[in-house]
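Here's the structure, in structure tokens; my notes come after.
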Amino acid sequence: MNFAAEGVEHSPILPIWQELVIGSISFALLCFVLLKFVMPRMEAMYQTRVEAIEGGLKRAEAAQAEANQLLEQYKAQLAEVRTEAARIRDDARADAEAIRSDVLAKAREESDRIITAGRESLAVERETIVRELRAEIGTLAVDLASKIVGESLADEARRQGTVERFLTDLEGASAGNGAGPVRTS
């Protein structure tokens with residue numbers, strides 16, 4: 001029935017059959033074009049994106065693994081450097097101790113040498129002073145004895161023997177009791 005020819009108005013709920021046919025053909029044509037041309041391109045773009053993302057993830061994982069490896073190498077090198085620094089510090093301490101010991105030994109040797117030289121010098125000076133005092137004491141004793149005896153003891157050999165005997169007696173007496181000279185007549 002032709003509603004338009006009869007002058008009856010068309011119902012908005014029931015579609016016109018010609019529009020249904022044209023709409024179906026247009027829809028089929030649109031689906032064909034989408035499936036034939038657009039969908040393969042979209043699929044290719046989708047695959048490219050998936051590959052790019054997967055490649056990026058693989059690169060990120062590789063970079064993370066490399067970073068972890070570098071971190072481990074850094075930690076190993078740091079531990080090695082710390083060990084080396086500790087060894088160098090210990091070596092420096094040992095060297096300092098050896099130098100200190102060497103300096104102390106040399107100082108002790110020098111001190112002992114100076115003390116020995118001083119003792120030798122004192123012994124030489126003592127011997128010189130003892131000789132000078134012996135000669136002076138001998139001269140004074142002879143002069144005093146000459147005055148007491150009243151005769152001259154100028155004879156050198158007798159004088160020397162008297163002086164030596166006097167000094168020997170004097171040393172023997174002082175060594176024997178430590179109280180000083182003892183006179184014997």
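Residues are named by chain letter and number: chains run A, B, ... in the order of the structure tokens, numbers start at 1 in each chain, and ligands are numbered from 1 in the order shown.
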Next item on the list: Enumerate as number ranges by chain all residues of stretch 7-87 of chain A assigned to alpha helix (DSSP H) by DSSP on the backbone, naming them with the chain letters and numbers the document uses.
Entry: A: 17-33, 39-87
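Straight-line separation from atom CA of A:Ala96 to atom CA of A:Glu110: 20.6 Å.
You will find atom CA of A:Asp169 at 15.5 Å from atom CA of A:Val130.
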